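Scroll down for the structure; my scribbles are underneath it.
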Amino acid sequence: MAQSEAELLENPVAGRPTLILRSPDFHSITEVVAEPVERPTRLGWWLFFLPSLALLSVLGVAVSWLFWEGIGIWGLNVPVGWAWDITNFVFWVGIGHAGTLISAILFLFRQKWRTSINRAAEAMTIFAVMCAMLFPGIHVGRVWVAYWMFPLPNQMGMWPNFRSPLLWDVFAVSVYGTVSALFWYVGLIPDLATMRDRAKTPIRRFLYGLFALGWRGSVRQWHHYETAYLVLAALATPLVLSVHSVVSMDFAVSVLPGWHTTIFPPYFVAGAIFSGFAMVLTLMVICRQAFGLNHIITLRHFDYMAKIMLVTGTMVGFAYATEFFTAWYSGNPYEIFTFRNRAGGPYAWAYWTMITCNVISPQVFWFKKARTSIPILFILSIVINIGMWFERFVIIVTSLHRDFLPSSWDYFRPTVWDVACLLGSFGLFFTMFCLFVRFLPMVATAEVKTVLPQADPHRHAGDERPIKDHRPRSAHGTPGRTSEEAS
Amino acid sequence: MPAIPLVNPLPPGPHYGILAQFATPADLYHACERVRDEGFTRWDAHSPFPVHGLDRAMGLRRSPLPWIVLVMGLTGAALGFVLQWWVHGSAYPLVISGKPYFSWPAFIPITFEVAILFAALGAVLGMLGLNRLPMHYHPLFRSKVFERVTDDAFFISIESWDPRFDASATRKLMESLGARSVELLES
């Protein structure tokens with residue numbers, strides 16, 4: 001069967017692309033994923049964890065002071081009533097969306113390469129949603145009555161306004177957080193059972209066993225389990241699209257020039273996926289290096305993610321252009337002023353930072369060399385996240401700071417507490433992520449095993465199908481390391 | 001799928017049944033086809049990951065879970081919609097932006113979110129219910145080799161209350177199907 005690698009990649013019948021390198025057996029997949037959780041804590045982990053924890057304490061101080069003193073400690077004031085708080089909220093919700101895209105949408109499209117990264121991406125989603133939920137919670141001023149956002153019967157006989165997009169947001173984000181956590185936990189059950197069965201100490205055995213719920217890998221269980229997983233993916237897909245659409249309606253339903261536009265829902269969703277993939281990339285580059293997962297999370301995965309970032313980055317670029325076109329075509333002087341002011345006014349620096357990071361920089365991904373170069377991917381993933389944070393800042397602050405009445409025009413400047421809250425939210429995110437990689441298997445081992453060629457029940461020993469390994473072998477007959485995993 | 005009793009999921013008597021280990025997904029698959037064709041009903045296969053098509057090789061029917069999810073989703077949608085209708089139409093009527101009390105298009109997003117929430121809870125709790133989980137104790141966990149079921153080992157277990165179960169004949173059947181090891185488990 002002499003077929004070239006290109007043919008093998010093209011032909012879905014003869015062979016699927018090799019997703020996992022070095023042709024491992026089932027046990028070695030378990031080993032490589034479980035080992036970082038089971039070995040003693042390494043110094044490198046502390047080097048990530050302690051700074052994250054320090055930033056988390058910064059958040060604790062900032063939020064405590066905010067509760068004590070009020071939101072006047074932030075730089076926002078009339079007319080800029082929303083600033084970094086809502087910027088951070090939209091930024092973090094957006095980050096989460098790539099996790100759901102990877103876990104749910106790519107699952108429905110049978111994109112099997114997702115199995116290597118979906119666990120970590122879903123964890124990222126949950127931690128990002130935690131950061132996101134923080135900001136609307138603390139920005140309300142009187143946080144002790146934040147529960148008024150929920151429809152709870154109360155002695156005042158008052159109910160929330162269900163017609164408000166801000167309330168839709170409460171529902172969308174909290175349902176999103178809940179469903180993401182459920183999806184993640186369901187995916188974790190078989191791997192928790194693996195950790196239970198490998199546990200050496202009674203306490204590990206008890207804790208992993210408790211959460212593994214007595215999973216015994218029975219086919220009758222897998223049968224319902226796979227149905228549940230498919231259903232959850234099918235539910236999470238419209239959910240994730242609805243969440244950022246609802247977030248965008250916080251703006252689009254208002255009558256403010258710069259916000260009041262029908263393009264917002266798809267534009268926000270594309271931006272969310274764009275920024276989320278950038279964050280997945282940042283985390284995966286670090287993790288695969290730190291935990292020796294180079295053969296499970298390969299350059300092929302990065303190549304695919306870079307392509308998605310190129311597409312979504314270009315989509316947001318198109319949306320930026322469409323906003324300008326609509327403003328011009330509307331003939332509305334307020335609308336036209338807002339956009340001229342956005343690109344050439346006092347916040348032009350922020351606007352052009354956004355354009356550079358989000359539209360120009362991802363164009364590098366047209367080149368395969370860039371899509372498969374770890375340093376370029378890592379740097380660009382951070383650049384894109386900066387750009388996407390600026391996108392939300394530009395949308396929110398530039399639309400607000402030039403009010404209809406020129407006497408109320410102002411220029412928003414962040415205070416040290418704004419900065420502390422933003423950095424602190426990164427502390428929360430990375431602290432959670434460090435704990436995740438320390439205590440839970442960060443790759444879905446049960447799923448990765450299914451994409452190995454020997455998982456196919458119709459494949460027999462000695463069945464030399466070309467899909468097994470089509471890379472050149474070294475002199476010892478073992479698969480040689482390829483450039484794909486060498487980096 | 002045989003009716004699994006709700007009260008006691010474990011067979012009575014001194015033995016739970018036998019546990020046979022197989023080397024590969026392919027061996028397990030073919031063994032399952034034979035066990036199915038032999039007419040066993042109270043038995044199960046175990047694998048570290050879902051083996052494609054094994055549910056059919058075992059003769060399992062489609063999972064009823066999607067129906068649970070559908071019912072839960074519709075319940076959620078109805079609850080979400082009625083809550084908003086009741087609040088704005090009856091409990092707390094306020095004119096906001098000159099809209100009618102029953103302004104149903106504005107109720108759609110929350111109706112959708114609550115429907116998804118209920119459907120997702122239905123999917124997870126329904127899956128756990130159908131799988132009789134959590135069940136932290138099970139006789140299979142007494143087997144030392146069974147610890148590898150979540151790593152790289154494949155098993156068939158046949159419970160002793162299966163009408164066709166016979167400790168020595170079933171053991172022979174398993175061995176003839178290429179089982180690596182067969183053990184009799186206490187209940």
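Letters A, B, ... go to the chains of the structure tokens in the order shown; residues in each chain start at 1; ligands are counted from 1 in the same order.
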
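Residues of chain A having any atom within 6 Å of chain B, counting only C-alpha atoms, are Phe26, His27, Arg163, Trp168, Ala172, Val175, Thr194, Asp197, Leu213, Gly214, Gly217, Ser218, Val219, Gln221, Trp222, His224, Ala228, Ala446, Pro457 and His458 of chain A.
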
Which of chain B fall in helix (DSSP H, G or I), as a ChimeraX atom specification:
/B:25-38,54-57,65-91,104-130,139-142,145-150,167-176

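Atom CA of A:Glu391 is found 25.4 Å from atom CA of A:Leu66.
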
Could you name the residues that touch A:Ile138 at 9 Å or less, counting only C-alpha atoms, but leaving out those on the same chain fewer than 3 positions away, as a ChimeraX atom specification?
/A:63,66-67,71,85,133-135,141-143,146

Would you mind listing what lies within 7 Å of B:Arg42 as an MDAnalysis selection string, with only C-alpha atoms counted and same-chain residues fewer than 6 positions away left out?
chainID B and resid 158:159 162

How many Å separate atom CA of A:Val140 from atom CA of A:Ser57?
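So the answer is 21.5 Å.
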
Any chance you could list, as a ChimeraX atom specification, the residues in stretch 34-126 of chain B that come up strand (DSSP E) when DSSP is run on the backbone?
/B:43-46

Please dump the current selection as a PDB file, in the first residue's frame; keep N, CA and C atoms.
ATOM      1  N   TRP B  43     -25.819  -9.729  31.507  1.00  0.00           N
ATOM      2  CA  TRP B  43     -24.370  -9.709  31.331  1.00  0.00           C
ATOM      3  C   TRP B  43     -23.969  -8.319  30.867  1.00  0.00           C
ATOM      4  N   ASP B  44     -22.677  -8.079  30.851  1.00  0.00           N
ATOM      5  CA  ASP B  44     -22.206  -6.753  30.487  1.00  0.00           C
ATOM      6  C   ASP B  44     -20.779  -6.865  29.963  1.00  0.00           C
ATOM      7  N   ALA B  45     -20.373  -5.877  29.192  1.00  0.00           N
ATOM      8  CA  ALA B  45     -18.980  -5.792  28.763  1.00  0.00           C
ATOM      9  C   ALA B  45     -18.390  -4.536  29.388  1.00  0.00           C
ATOM     10  N   HIS B  46     -17.077  -4.527  29.555  1.00  0.00           N
ATOM     11  CA  HIS B  46     -16.431  -3.394  30.220  1.00  0.00           C
ATOM     12  C   HIS B  46     -15.197  -2.999  29.430  1.00  0.00           C
TER      13      HIS B  46
END

Neighbour list for A:Ile355 as a ChimeraX atom specification, cut-off 12 Å, only C-alpha atoms, skip fewer than 3 positions in-chain:
/A:313-314,316-321,342-343,348-352,358-363,383-384,386-391,394

Emit the selected residues as a compact mmCIF listing (two decimals), in the first residue's frame, including C-alpha atoms.
# COMPACT_ATOMS: atom_id res chain seq x y z
CA GLY A 313 -9.92 37.21 13.20
CA THR A 314 -10.76 38.10 9.64
CA VAL A 316 -14.08 40.46 13.28
CA GLY A 317 -12.06 42.62 10.88
CA PHE A 318 -14.94 42.43 8.46
CA ALA A 319 -17.33 43.38 11.26
CA TYR A 320 -15.22 46.44 12.13
CA ALA A 321 -15.43 47.53 8.50
CA ARG A 342 -13.56 56.02 17.48
CA ALA A 343 -10.84 55.86 14.82
CA ALA A 348 -7.68 56.37 18.54
CA TRP A 349 -4.67 54.73 20.17
CA ALA A 350 -6.91 52.04 21.58
CA TYR A 351 -8.75 51.59 18.31
CA TRP A 352 -5.58 51.13 16.28
CA ASN A 358 -6.93 41.51 15.88
CA VAL A 359 -7.00 42.09 12.16
CA ILE A 360 -3.42 42.54 10.98
CA SER A 361 -1.49 40.17 13.24
CA PRO A 362 -3.52 36.98 12.56
CA GLN A 363 -2.92 37.38 8.82
CA VAL A 383 -1.16 39.69 21.13
CA ILE A 384 -4.64 38.58 20.10
CA ILE A 386 -4.61 41.96 24.25
CA GLY A 387 -6.37 43.00 21.05
CA MET A 388 -9.63 41.38 22.05
CA TRP A 389 -9.55 43.07 25.44
CA PHE A 390 -9.08 46.37 23.62
CA GLU A 391 -11.98 45.57 21.30
CA VAL A 394 -13.14 50.43 22.43
